[in-house]
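Chemist: Structure file protein.cif (mmCIF, C-alpha atoms) right here:
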```cif
data_query
loop_
_atom_site.group_PDB
_atom_site.id
_atom_site.type_symbol
_atom_site.label_atom_id
_atom_site.label_comp_id
_atom_site.auth_asym_id
_atom_site.auth_seq_id
_atom_site.Cartn_x
_atom_site.Cartn_y
_atom_site.Cartn_z
ATOM 1 C CA THR A 1 79.421 124.742 77.155
ATOM 2 C CA SER A 2 76.060 124.632 75.417
ATOM 3 C CA LYS A 3 76.519 120.918 74.750
ATOM 4 C CA GLU A 4 78.108 119.662 77.977
ATOM 5 C CA VAL A 5 78.059 120.324 81.710
ATOM 6 C CA THR A 6 81.246 119.683 83.731
ATOM 7 C CA ILE A 7 81.738 120.018 87.484
ATOM 8 C CA ARG A 8 85.230 119.743 88.991
ATOM 9 C CA GLY A 9 86.526 119.727 92.535
ATOM 10 C CA ALA A 10 88.109 117.958 95.494
ATOM 11 C CA GLY A 11 86.185 115.765 97.848
ATOM 12 C CA ALA A 12 86.216 112.486 99.723
ATOM 13 C CA VAL A 13 84.701 109.031 99.526
ATOM 14 C CA GLY A 14 84.320 108.350 103.235
ATOM 15 C CA ALA A 15 87.819 109.034 104.580
ATOM 16 C CA LEU A 16 89.450 108.693 101.152
ATOM 17 C CA PRO A 17 90.588 111.938 99.425
ATOM 18 C CA VAL A 18 89.671 112.264 95.736
ATOM 19 C CA THR A 19 89.886 114.921 93.033
ATOM 20 C CA ALA A 20 87.368 114.415 90.247
ATOM 21 C CA SER A 21 85.216 115.905 87.515
ATOM 22 C CA TRP A 22 81.716 114.896 86.429
ATOM 23 C CA SER A 23 80.524 115.591 82.900
ATOM 24 C CA THR A 24 77.387 114.907 80.880
ATOM 25 C CA LYS A 25 76.033 116.012 77.540
ATOM 26 C CA ILE A 26 72.972 118.244 77.396
ATOM 27 C CA GLY A 27 70.525 119.332 74.734
ATOM 28 C CA PRO A 28 70.051 117.273 71.549
ATOM 29 C CA ASP A 29 73.242 115.282 72.270
ATOM 30 C CA ALA A 30 72.046 114.085 75.684
ATOM 31 C CA ASN A 31 71.830 110.296 75.783
ATOM 32 C CA GLY A 32 71.456 109.506 79.470
ATOM 33 C CA THR A 33 75.159 108.895 80.059
ATOM 34 C CA SER A 34 77.714 110.691 82.175
ATOM 35 C CA GLN A 35 81.266 110.103 83.364
ATOM 36 C CA ILE A 36 83.312 110.769 86.478
ATOM 37 C CA VAL A 37 87.101 110.865 86.090
ATOM 38 C CA GLY A 38 89.681 111.693 88.700
ATOM 39 C CA THR A 39 92.481 110.710 91.037
ATOM 40 C CA ALA A 40 92.209 108.962 94.381
ATOM 41 C CA GLU A 41 94.557 108.045 97.181
ATOM 42 C CA LEU A 42 95.713 104.418 97.349
ATOM 43 C CA SER A 43 96.764 103.438 100.867
ATOM 44 C CA GLU A 44 95.737 101.485 103.941
ATOM 45 C CA ARG A 45 92.783 103.893 104.137
ATOM 46 C CA THR A 46 91.617 102.591 100.746
ATOM 47 C CA ILE A 47 91.659 99.028 102.062
ATOM 48 C CA ASN A 48 89.773 100.026 105.208
ATOM 49 C CA GLU A 49 87.252 102.250 103.416
ATOM 50 C CA PHE A 50 86.232 99.531 100.962
ATOM 51 C CA ASN A 51 86.674 96.714 103.496
ATOM 52 C CA LEU A 52 88.870 94.702 101.129
ATOM 53 C CA GLY A 53 89.978 92.315 103.855
ATOM 54 C CA LEU A 54 93.718 92.372 103.060
ATOM 55 C CA ALA A 55 96.223 91.450 105.764
ATOM 56 C CA PRO A 56 97.938 94.536 107.333
ATOM 57 C CA GLU A 57 101.434 93.533 106.187
ATOM 58 C CA MET A 58 100.431 93.457 102.529
ATOM 59 C CA ILE A 59 100.237 97.223 101.869
ATOM 60 C CA SER A 60 101.623 100.350 103.543
ATOM 61 C CA GLY A 61 102.534 103.845 102.401
ATOM 62 C CA THR A 62 100.573 106.127 100.087
ATOM 63 C CA GLY A 63 100.190 106.159 96.312
ATOM 64 C CA SER A 64 97.577 107.365 93.860
ATOM 65 C CA GLY A 65 95.430 105.950 91.099
ATOM 66 C CA GLU A 66 93.455 107.325 88.185
ATOM 67 C CA PHE A 67 89.830 106.259 87.950
ATOM 68 C CA SER A 68 86.875 106.582 85.631
ATOM 69 C CA ILE A 69 83.212 105.776 86.354
ATOM 70 C CA ASP A 70 80.853 105.386 83.400
ATOM 71 C CA LEU A 71 77.191 105.977 84.208
ATOM 72 C CA SER A 72 74.377 105.027 81.855
ATOM 73 C CA ARG A 73 70.655 105.122 82.574
ATOM 74 C CA GLY A 74 69.322 101.658 83.400
ATOM 75 C CA GLN A 75 72.753 99.959 83.381
ATOM 76 C CA THR A 76 75.246 98.921 86.045
ATOM 77 C CA PRO A 77 77.921 101.611 86.510
ATOM 78 C CA THR A 78 81.469 100.522 85.643
ATOM 79 C CA LEU A 79 84.659 101.675 87.328
ATOM 80 C CA THR A 80 88.164 101.454 85.867
ATOM 81 C CA VAL A 81 91.281 102.102 87.945
ATOM 82 C CA SER A 82 94.939 102.294 86.928
ATOM 83 C CA SER A 83 98.057 103.063 88.952
ATOM 84 C CA ASP A 84 101.847 102.787 88.850
ATOM 85 C CA LEU A 85 101.752 102.011 92.629
ATOM 86 C CA VAL A 86 104.707 104.308 93.357
ATOM 87 C CA GLY A 87 104.658 105.250 97.039
ATOM 88 C CA LEU A 88 103.201 101.923 98.164
ATOM 89 C CA ARG A 89 105.204 99.265 99.975
ATOM 90 C CA MET A 90 103.707 95.880 99.152
ATOM 91 C CA SER A 91 104.507 92.483 100.596
ATOM 92 C CA ILE A 92 103.306 88.873 100.461
ATOM 93 C CA PRO A 93 105.580 87.180 103.020
ATOM 94 C CA SER A 94 104.142 83.708 102.380
ATOM 95 C CA ILE A 95 105.672 83.692 98.872
ATOM 96 C CA GLY A 96 108.736 85.795 99.661
ATOM 97 C CA TRP A 97 107.654 88.751 97.480
ATOM 98 C CA ARG A 98 108.091 92.458 98.255
ATOM 99 C CA LYS A 99 107.901 95.800 96.448
ATOM 100 C CA SER A 100 109.539 98.921 97.870
ATOM 101 C CA ALA A 101 107.788 102.287 97.785
ATOM 102 C CA ASP A 102 110.098 103.735 95.129
ATOM 103 C CA ARG A 103 109.619 100.839 92.690
ATOM 104 C CA SER A 104 106.921 101.218 90.034
ATOM 105 C CA ALA A 105 104.469 98.527 88.973
ATOM 106 C CA SER A 106 101.161 98.535 87.126
ATOM 107 C CA LEU A 107 97.639 97.813 88.323
ATOM 108 C CA ASP A 108 94.568 97.911 86.073
ATOM 109 C CA LEU A 109 91.064 97.113 87.312
ATOM 110 C CA ASP A 110 87.672 96.885 85.588
ATOM 111 C CA ILE A 111 84.893 96.813 88.198
ATOM 112 C CA ALA A 112 81.127 96.425 87.905
ATOM 113 C CA LEU A 113 79.567 98.541 90.677
ATOM 114 C CA GLU A 114 76.954 95.982 91.628
ATOM 115 C CA GLN A 115 76.055 94.976 95.189
ATOM 116 C CA PRO A 116 78.524 93.612 96.069
ATOM 117 C CA ALA A 117 80.988 95.030 93.550
ATOM 118 C CA ARG A 118 82.590 92.576 91.100
ATOM 119 C CA VAL A 119 86.111 92.973 89.721
ATOM 120 C CA ARG A 120 85.607 91.743 86.176
ATOM 121 C CA SER A 121 89.303 91.903 85.359
ATOM 122 C CA LEU A 122 92.512 92.604 87.237
ATOM 123 C CA SER A 123 95.973 92.936 85.727
ATOM 124 C CA PHE A 124 98.996 93.346 88.011
ATOM 125 C CA ASN A 125 102.582 93.568 86.829
ATOM 126 C CA ALA A 126 105.503 94.158 89.189
ATOM 127 C CA PRO A 127 109.105 92.977 89.433
ATOM 128 C CA GLY A 128 108.891 89.368 90.580
ATOM 129 C CA LEU A 129 105.106 89.032 90.367
ATOM 130 C CA THR A 130 102.493 89.212 87.605
ATOM 131 C CA ALA A 131 98.842 88.209 87.836
ATOM 132 C CA GLU A 132 95.613 88.354 85.863
ATOM 133 C CA GLY A 133 92.143 87.330 86.967
ATOM 134 C CA ASP A 134 88.781 88.370 88.395
ATOM 135 C CA ILE A 135 87.519 88.872 91.948
ATOM 136 C CA ARG A 136 84.205 88.299 93.696
ATOM 137 C CA LEU A 137 83.599 90.269 96.909
ATOM 138 C CA ASN A 138 81.452 89.355 99.900
ATOM 139 C CA PRO A 139 78.215 91.326 100.459
ATOM 140 C CA THR A 140 79.575 92.338 103.881
ATOM 141 C CA GLY A 141 82.973 93.338 102.476
ATOM 142 C CA GLY A 142 86.253 91.592 101.890
ATOM 143 C CA MET A 143 87.299 89.153 99.198
ATOM 144 C CA ASP A 144 85.191 86.080 98.563
ATOM 145 C CA ARG A 145 87.184 84.528 95.721
ATOM 146 C CA PHE A 146 90.008 85.591 93.405
ATOM 147 C CA ASP A 147 90.290 83.455 90.282
ATOM 148 C CA LEU A 148 93.773 83.816 88.808
ATOM 149 C CA SER A 149 93.779 82.845 85.150
ATOM 150 C CA GLY A 150 97.522 83.487 85.018
ATOM 151 C CA VAL A 151 100.177 84.119 87.664
ATOM 152 C CA LYS A 152 103.976 84.174 87.606
ATOM 153 C CA ILE A 153 106.107 84.471 90.756
ATOM 154 C CA GLY A 154 109.784 85.172 90.212
ATOM 155 C CA ASN A 155 111.508 82.379 88.346
ATOM 156 C CA TRP A 156 109.956 79.610 90.444
ATOM 157 C CA PHE A 157 106.216 79.433 89.682
ATOM 158 C CA THR A 158 103.955 79.816 86.649
ATOM 159 C CA GLY A 159 100.339 78.635 86.614
ATOM 160 C CA THR A 160 96.727 79.245 87.601
ATOM 161 C CA ALA A 161 95.176 79.468 91.058
ATOM 162 C CA GLU A 162 92.129 80.373 93.136
ATOM 163 C CA LEU A 163 92.325 82.435 96.330
ATOM 164 C CA ALA A 164 89.556 82.362 98.952
ATOM 165 C CA GLY A 165 89.104 85.058 101.603
ATOM 166 C CA ARG A 166 89.409 84.040 105.255
ATOM 167 C CA GLY A 167 88.224 87.241 106.922
ATOM 168 C CA ALA A 168 89.837 90.555 107.814
ATOM 169 C CA GLY A 169 93.485 90.378 108.840
ATOM 170 C CA ASN A 170 94.095 86.888 107.414
ATOM 171 C CA THR A 171 95.870 85.945 104.224
ATOM 172 C CA PRO A 172 93.591 84.135 101.750
ATOM 173 C CA SER A 173 93.783 80.390 101.300
ATOM 174 C CA VAL A 174 95.271 79.243 97.977
ATOM 175 C CA GLU A 175 94.311 76.464 95.611
ATOM 176 C CA VAL A 176 96.825 76.026 92.803
ATOM 177 C CA THR A 177 94.927 74.416 89.929
ATOM 178 C CA SER A 178 97.755 73.987 87.402
ATOM 179 C CA GLY A 179 101.301 75.024 86.697
ATOM 180 C CA ARG A 180 105.031 74.479 87.149
ATOM 181 C CA LEU A 181 106.984 74.926 90.388
ATOM 182 C CA ASP A 182 110.802 75.038 90.471
ATOM 183 C CA LEU A 183 112.078 74.254 93.966
ATOM 184 C CA ARG A 184 115.644 75.106 92.927
ATOM 185 C CA ASN A 185 114.704 78.788 92.816
ATOM 186 C CA LEU A 186 112.328 78.912 95.783
ATOM 187 C CA PRO A 187 113.107 82.043 97.874
ATOM 188 C CA GLU A 188 113.345 82.265 101.636
ATOM 189 C CA MET A 189 109.835 82.327 103.085
ATOM 190 C CA SER A 190 110.539 84.513 106.106
ATOM 191 C CA GLY A 191 108.339 87.114 107.725
ATOM 192 C CA ALA A 192 104.809 87.006 109.013
ATOM 193 C CA GLY A 193 102.813 83.956 109.645
ATOM 194 C CA GLN A 194 104.931 82.005 112.105
ATOM 195 C CA GLY A 195 101.795 80.385 113.461
ATOM 196 C CA GLY A 196 98.065 80.720 114.030
ATOM 197 C CA SER A 197 95.422 81.698 111.530
ATOM 198 C CA ASN A 198 97.777 83.966 109.567
ATOM 199 C CA ARG A 199 99.548 81.007 108.026
ATOM 200 C CA THR A 200 98.400 80.510 104.459
ATOM 201 C CA PRO A 201 96.735 77.169 103.614
ATOM 202 C CA ILE A 202 97.729 75.946 100.136
ATOM 203 C CA VAL A 203 96.286 73.060 98.136
ATOM 204 C CA ALA A 204 98.424 72.365 95.071
ATOM 205 C CA ASN A 205 97.733 70.374 91.915
ATOM 206 C CA LEU A 206 100.677 70.903 89.589
ATOM 207 C CA ASP A 207 101.767 69.530 86.245
ATOM 208 C CA ARG A 208 105.461 69.567 87.164
ATOM 209 C CA VAL A 209 107.615 70.223 90.218
ATOM 210 C CA VAL A 210 111.307 70.579 89.406
ATOM 211 C CA VAL A 211 113.372 69.322 92.348
ATOM 212 C CA SER A 212 116.826 69.273 90.729
ATOM 213 C CA ASP A 213 118.438 69.310 87.308
ATOM 214 C CA THR A 214 117.699 65.581 86.901
ATOM 215 C CA LEU A 215 114.613 65.085 89.096
ATOM 216 C CA THR A 216 111.075 66.257 88.300
ATOM 217 C CA LEU A 217 107.802 65.265 89.947
ATOM 218 C CA THR A 218 104.758 64.994 87.661
ATOM 219 C CA ASN A 219 101.045 64.669 88.557
ATOM 220 C CA PHE A 220 101.887 66.479 91.764
ATOM 221 C CA GLY A 221 99.310 67.038 94.514
ATOM 222 C CA GLY A 222 99.764 68.333 98.041
ATOM 223 C CA SER A 223 98.480 70.314 101.009
ATOM 224 C CA PHE A 224 100.697 72.872 102.752
ATOM 225 C CA LEU A 225 100.886 75.748 105.208
ATOM 226 C CA ALA A 226 103.024 78.729 104.152
ATOM 227 C CA GLY A 227 104.476 81.280 106.559
ATOM 228 C CA GLY A 228 107.744 80.901 108.388
ATOM 229 C CA GLY A 229 108.634 78.330 105.742
ATOM 230 C CA MET A 230 106.622 75.699 103.901
ATOM 231 C CA HIS A 231 105.111 72.749 105.763
ATOM 232 C CA GLY A 232 103.043 69.979 104.215
ATOM 233 C CA GLU A 233 102.622 66.629 102.518
ATOM 234 C CA PHE A 234 102.600 65.736 98.842
ATOM 235 C CA ARG A 235 102.466 62.939 96.284
ATOM 236 C CA GLY A 236 103.656 62.587 92.698
ATOM 237 C CA ARG A 237 105.573 60.528 90.166
ATOM 238 C CA VAL A 238 109.332 60.661 89.696
ATOM 239 C CA ASN A 239 110.128 61.789 86.160
ATOM 240 C CA GLY A 240 106.677 60.514 85.162
ATOM 241 C CA GLY A 241 107.339 57.017 86.530
ATOM 242 C CA GLY A 242 107.500 55.615 90.090
ATOM 243 C CA ALA A 243 104.963 56.929 92.619
ATOM 244 C CA ILE A 244 106.141 58.636 95.807
ATOM 245 C CA SER A 245 104.749 60.555 98.757
ATOM 246 C CA GLY A 246 106.574 62.865 101.082
ATOM 247 C CA SER A 247 106.743 65.906 103.321
ATOM 248 C CA LEU A 248 108.143 69.424 103.061
ATOM 249 C CA THR A 249 109.559 71.270 106.086
ATOM 250 C CA PRO A 250 111.541 74.513 106.520
ATOM 251 C CA SER A 251 115.278 74.187 107.050
ATOM 252 C CA ARG A 252 117.690 77.127 107.403
ATOM 253 C CA GLY A 253 115.550 79.407 105.275
ATOM 254 C CA ARG A 254 115.108 76.810 102.542
ATOM 255 C CA SER A 255 112.983 73.653 102.226
ATOM 256 C CA ALA A 256 113.841 70.126 103.364
ATOM 257 C CA ILE A 257 112.130 67.231 101.575
ATOM 258 C CA GLN A 258 111.527 63.716 102.904
ATOM 259 C CA ILE A 259 110.333 61.070 100.422
ATOM 260 C CA VAL A 260 108.860 57.563 100.865
ATOM 261 C CA SER A 261 107.610 54.974 98.357
ATOM 262 C CA THR A 262 106.074 51.483 98.383
ATOM 263 C CA ASP A 263 108.075 50.617 95.247
ATOM 264 C CA ALA A 264 111.642 51.772 95.728
ATOM 265 C CA GLY A 265 112.887 49.932 92.644
ATOM 266 C CA SER A 266 110.481 51.767 90.326
ATOM 267 C CA VAL A 267 111.411 55.107 91.886
ATOM 268 C CA LEU A 268 115.164 54.468 91.547
ATOM 269 C CA ARG A 269 114.774 53.430 87.914
ATOM 270 C CA SER A 270 112.663 56.526 87.169
ATOM 271 C CA ALA A 271 115.346 58.654 88.798
ATOM 272 C CA GLU A 272 117.929 56.854 86.636
ATOM 273 C CA LEU A 273 119.768 55.631 89.728
ATOM 274 C CA LEU A 274 119.459 52.009 88.642
#
```
How would this structure read if it were set down as structure tokens?
Modeler:
Amino acid sequence: TSKEVTIRGAGAVGALPVTASWSTKIGPDANGTSQIVGTAELSERTINEFNLGLAPEMISGTGSGEFSIDLSRGQTPTLTVSSDLVGLRMSIPSIGWRKSADRSASLDLDIALEQPARVRSLSFNAPGLTAEGDIRLNPTGGMDRFDLSGVKIGNWFTGTAELAGRGAGNTPSVEVTSGRLDLRNLPEMSGAGQGGSNRTPIVANLDRVVVSDTLTLTNFGGSFLAGGGMHGEFRGRVNGGGAISGSLTPSRGRSAIQIVSTDAGSVLRSAELL
């Protein structure tokens, strides 16, 4: 038109197929801004093309996402992406979560196209897993840090966490900074990560860990390895009272807990066993 120029077509970003249109105003309405909108493939090729550093078992299959890039003279370009993730099989074996290709979910990203790019906000909502946060990427590619301001996993965890990248092909390490964990509902942690670097290191600082209907650990802290079950050591207070320490090991697809204390009387009273 006499007020706008638009160019449409199919193309590729590296090996990634895209269909997009670019438009900008011209004449008296021109203000130095333009916009690219389109659709792009979401797949393992997307991970490889942008060197996101995700472990191979996390995503397979092919889906699509809608994107928009806002360009303004003298300002950092911004990219927004949204997708229902249909067609993608997704898995995080270390927490027992999976999404089949035919299940829908929602992913919304707001990205500043700096060097390196910065994910200013991420919102993910799928059956059994929701998360919100922001991501910093390494200059050489891959995730540096993922700050989760809110995450919910099934009916067994709600809280906040920080994930740190450990290089291509490895799951990120996890630091849980607050929240509530319910061991009664913990799923089987089968799958990848039976040993080696692909086990997920977890440092946990939790407000409450529910062990049974009558037993809760408060002021909980621990260090664990996830993958092929949960292994690690922890400390806390029984129902807010007696101090304990202990260990967590896998047992028949669940978790076995061993507990010790230097003040057994206080622990038994806190557990209402005395």
Chemist: Return as an mmCIF file with C-alpha atoms, in the frame of the given file the set of residues that the PyMOL selection byres ((chain A and resi 39-53) around 9) yields on the displayed structure.
Modeler:
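What ended up in out-v3.cif:
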```
data_model
loop_
_atom_site.group_PDB
_atom_site.id
_atom_site.type_symbol
_atom_site.label_atom_id
_atom_site.label_comp_id
_atom_site.auth_asym_id
_atom_site.auth_seq_id
_atom_site.Cartn_x
_atom_site.Cartn_y
_atom_site.Cartn_z
ATOM 1 C CA ALA A 12 86.216 112.486 99.723
ATOM 2 C CA VAL A 13 84.701 109.031 99.526
ATOM 3 C CA GLY A 14 84.320 108.350 103.235
ATOM 4 C CA ALA A 15 87.819 109.034 104.580
ATOM 5 C CA LEU A 16 89.450 108.693 101.152
ATOM 6 C CA PRO A 17 90.588 111.938 99.425
ATOM 7 C CA VAL A 18 89.671 112.264 95.736
ATOM 8 C CA THR A 19 89.886 114.921 93.033
ATOM 9 C CA ALA A 20 87.368 114.415 90.247
ATOM 10 C CA VAL A 37 87.101 110.865 86.090
ATOM 11 C CA GLY A 38 89.681 111.693 88.700
ATOM 12 C CA LEU A 54 93.718 92.372 103.060
ATOM 13 C CA ALA A 55 96.223 91.450 105.764
ATOM 14 C CA PRO A 56 97.938 94.536 107.333
ATOM 15 C CA ILE A 59 100.237 97.223 101.869
ATOM 16 C CA SER A 60 101.623 100.350 103.543
ATOM 17 C CA GLY A 61 102.534 103.845 102.401
ATOM 18 C CA THR A 62 100.573 106.127 100.087
ATOM 19 C CA GLY A 63 100.190 106.159 96.312
ATOM 20 C CA SER A 64 97.577 107.365 93.860
ATOM 21 C CA GLY A 65 95.430 105.950 91.099
ATOM 22 C CA GLU A 66 93.455 107.325 88.185
ATOM 23 C CA PHE A 67 89.830 106.259 87.950
ATOM 24 C CA SER A 68 86.875 106.582 85.631
ATOM 25 C CA SER A 83 98.057 103.063 88.952
ATOM 26 C CA LEU A 85 101.752 102.011 92.629
ATOM 27 C CA GLY A 87 104.658 105.250 97.039
ATOM 28 C CA LEU A 88 103.201 101.923 98.164
ATOM 29 C CA LEU A 137 83.599 90.269 96.909
ATOM 30 C CA THR A 140 79.575 92.338 103.881
ATOM 31 C CA GLY A 141 82.973 93.338 102.476
ATOM 32 C CA GLY A 142 86.253 91.592 101.890
ATOM 33 C CA MET A 143 87.299 89.153 99.198
ATOM 34 C CA GLY A 165 89.104 85.058 101.603
ATOM 35 C CA ARG A 166 89.409 84.040 105.255
ATOM 36 C CA GLY A 167 88.224 87.241 106.922
ATOM 37 C CA ALA A 168 89.837 90.555 107.814
ATOM 38 C CA GLY A 169 93.485 90.378 108.840
ATOM 39 C CA ASN A 170 94.095 86.888 107.414
ATOM 40 C CA THR A 171 95.870 85.945 104.224
#
```
Chemist: My list of candidates is A:Arg199, A:Arg120, A:Arg184, A:His231. Which is closest to Thr214 of chain A when distances are computed with all atoms listed in the file?
Modeler: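 So, comparing all the options, the nearest one is A:Arg184.
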Chemist: Would you compute the distance between atom CA of Asp29 of chain A and atom CA of Val81 of chain A? Give it in Å to one decimal.
Modeler: 27.3 Å
Chemist: Between A:Glu132, A:Gly221, A:Asp84, A:Leu268, which one has atoms that come closest to Ser245 of chain A, using all atoms listed in the file?
Modeler: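 Smallest distance to Ser245 of chain A is found for A:Gly221.
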Chemist: Would you mind reading off the distance between atom CA of Val203 of chain A and atom CA of Asp108 of chain A, one decimal, in Å?
Modeler: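 Going from atom CA of Val203 of chain A over to atom CA of Asp108 of chain A, I get 27.7 Å.
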Chemist: Assuming the chain letters and numbering stay as they are in my file, what does the PyMOL selection byres ((chain A and resi 179) around 6) actually select? List them as a PyMOL selection string.
Modeler: chain A and resi 158-159+178+180+206-207
Chemist: Could you list, as a list in words, every residue within 9 Å of Ile111 of chain A, counting all atoms listed in the file and ignoring same-chain residues fewer than 2 positions away?
Modeler: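 What passes the distance filter is Pro77, Thr78, Leu79, Thr80, Val81, Leu109, Leu113, Glu114, Ala117, Arg118, Val119, Arg120, Ser121 and Leu122 of chain A.
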Chemist: For atom CA of Gly32 of chain A and atom CA of Asp70 of chain A, determine how far apart the two atoms are, in Å to one decimal place.
Modeler: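 Separation between atom CA of Gly32 of chain A and atom CA of Asp70 of chain A: 11.0 Å.
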Chemist: Can you pull out every residue within 6 Å of Ser91 of chain A, counting only C-alpha atoms, but drop anything in the same chain fewer than 5 positions away, and send it as a short mmCIF file (atom, residue, chain, number, x, y, z; two decimals) with C-alpha atoms, keeping the file's coordinate frame?
Modeler:
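Written output follows (around.cif):
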```
data_model
loop_
_atom_site.label_atom_id
_atom_site.label_comp_id
_atom_site.auth_asym_id
_atom_site.auth_seq_id
_atom_site.Cartn_x
_atom_site.Cartn_y
_atom_site.Cartn_z
CA MET A 58 100.43 93.46 102.53
CA TRP A 97 107.65 88.75 97.48
CA ARG A 98 108.09 92.46 98.26
#
```
Chemist: Would you kindly identify which residues have an atom no farther than 7 Å from (100.8, 84.6, 103.4), using all atoms listed in the file and the file's own coordinates, and write them out as a PDB file with C-alpha atoms, keeping the file's coordinate frame?
Modeler:
```
ATOM      1  CA  ILE A  92     103.306  88.873 100.461  1.00  0.00           C
ATOM      2  CA  PRO A  93     105.580  87.180 103.020  1.00  0.00           C
ATOM      3  CA  SER A  94     104.142  83.708 102.380  1.00  0.00           C
ATOM      4  CA  ILE A  95     105.672  83.692  98.872  1.00  0.00           C
ATOM      5  CA  THR A 171      95.870  85.945 104.224  1.00  0.00           C
ATOM      6  CA  GLY A 193     102.813  83.956 109.645  1.00  0.00           C
ATOM      7  CA  ASN A 198      97.777  83.966 109.567  1.00  0.00           C
ATOM      8  CA  ARG A 199      99.548  81.007 108.026  1.00  0.00           C
ATOM      9  CA  THR A 200      98.400  80.510 104.459  1.00  0.00           C
ATOM     10  CA  ALA A 226     103.024  78.729 104.152  1.00  0.00           C
ATOM     11  CA  GLY A 227     104.476  81.280 106.559  1.00  0.00           C
TER      12      GLY A 227
END
```
Chemist: With distances taken over all atoms listed in the file, which residue among A:Ala264, A:Ile26, A:Leu273, A:Met90 lies nearest Leu215 of chain A?
Modeler: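 Of the candidates, the smallest distance to Leu215 of chain A is held by A:Leu273.
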Chemist: Select, from A:Thr249, A:Ser212, A:Asn138, A:Thr130, the residue with the minimum atom-to-atom distance to Ala271 of chain A, counting all atoms listed in the file.
Modeler: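 Nearest candidate to Ala271 of chain A out of A:Thr249, A:Ser212, A:Asn138, A:Thr130: A:Ser212.
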Chemist: Find the residues near Gly236 of chain A: any atom within 12 Å, counting all atoms listed in the file, skip ones fewer than 5 places away on the same chain, and give them as a list in words.
Modeler: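 What passes the distance filter is Ala204, Asn205, Leu206, Asp207, Arg208, Val209, Val210, Val211, Leu215, Thr216, Leu217, Thr218, Asn219, Phe220, Gly221, Gly222, Gly241, Gly242, Ala243, Ile244, Ser245, Gly246, Ser247, Ile259, Val260, Ser261 and Val267 of chain A.
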Chemist: Those residues you just picked out, can you put them in a file as a PDB file, in the frame of the given file with C-alpha atoms?
Modeler:
```pdb
ATOM      1  CA  ALA A 204      98.424  72.365  95.071  1.00  0.00           C
ATOM      2  CA  ASN A 205      97.733  70.374  91.915  1.00  0.00           C
ATOM      3  CA  LEU A 206     100.677  70.903  89.589  1.00  0.00           C
ATOM      4  CA  ASP A 207     101.767  69.530  86.245  1.00  0.00           C
ATOM      5  CA  ARG A 208     105.461  69.567  87.164  1.00  0.00           C
ATOM      6  CA  VAL A 209     107.615  70.223  90.218  1.00  0.00           C
ATOM      7  CA  VAL A 210     111.307  70.579  89.406  1.00  0.00           C
ATOM      8  CA  VAL A 211     113.372  69.322  92.348  1.00  0.00           C
ATOM      9  CA  LEU A 215     114.613  65.085  89.096  1.00  0.00           C
ATOM     10  CA  THR A 216     111.075  66.257  88.300  1.00  0.00           C
ATOM     11  CA  LEU A 217     107.802  65.265  89.947  1.00  0.00           C
ATOM     12  CA  THR A 218     104.758  64.994  87.661  1.00  0.00           C
ATOM     13  CA  ASN A 219     101.045  64.669  88.557  1.00  0.00           C
ATOM     14  CA  PHE A 220     101.887  66.479  91.764  1.00  0.00           C
ATOM     15  CA  GLY A 221      99.310  67.038  94.514  1.00  0.00           C
ATOM     16  CA  GLY A 222      99.764  68.333  98.041  1.00  0.00           C
ATOM     17  CA  GLY A 241     107.339  57.017  86.530  1.00  0.00           C
ATOM     18  CA  GLY A 242     107.500  55.615  90.090  1.00  0.00           C
ATOM     19  CA  ALA A 243     104.963  56.929  92.619  1.00  0.00           C
ATOM     20  CA  ILE A 244     106.141  58.636  95.807  1.00  0.00           C
ATOM     21  CA  SER A 245     104.749  60.555  98.757  1.00  0.00           C
ATOM     22  CA  GLY A 246     106.574  62.865 101.082  1.00  0.00           C
ATOM     23  CA  SER A 247     106.743  65.906 103.321  1.00  0.00           C
ATOM     24  CA  ILE A 259     110.333  61.070 100.422  1.00  0.00           C
ATOM     25  CA  VAL A 260     108.860  57.563 100.865  1.00  0.00           C
ATOM     26  CA  SER A 261     107.610  54.974  98.357  1.00  0.00           C
ATOM     27  CA  VAL A 267     111.411  55.107  91.886  1.00  0.00           C
TER      28      VAL A 267
END
```
Chemist: I'd like to know which of A:Glu175, A:Asp263, A:Glu4, A:Asp182 is closest to Phe157 of chain A, using only C-alpha atoms.
Modeler: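 Going through A:Glu175, A:Asp263, A:Glu4, A:Asp182 one by one, the smallest distance to Phe157 of chain A is for A:Asp182.
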Chemist: Do you know which residues the PyMOL selection byres ((chain A and resi 128) around 7) returns on this file, as an MDAnalysis selection string?
Modeler: chainID A and resid 126:127 129 153:154
Chemist: So, with all atoms listed in the file as the atoms that count, which of A:Lys152, A:Arg145, A:Arg8, A:Arg89 lies closest to Ala131 of chain A?
Modeler: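 Ranked by minimum distance to Ala131 of chain A, first place goes to A:Lys152.
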Chemist: For segment 45-61 of chain A, take all atoms listed in the file, fit an axis-aligned box around them, add 4 Å to each of the six sides, then output centre and edge lengths in Å rounded to one decimal, as AutoDock Vina command-line options.
Modeler:
```
--center_x 94.4 --center_y 97.7 --center_z 104.0 --size_x 24.3 --size_y 20.4 --size_z 14.6
```
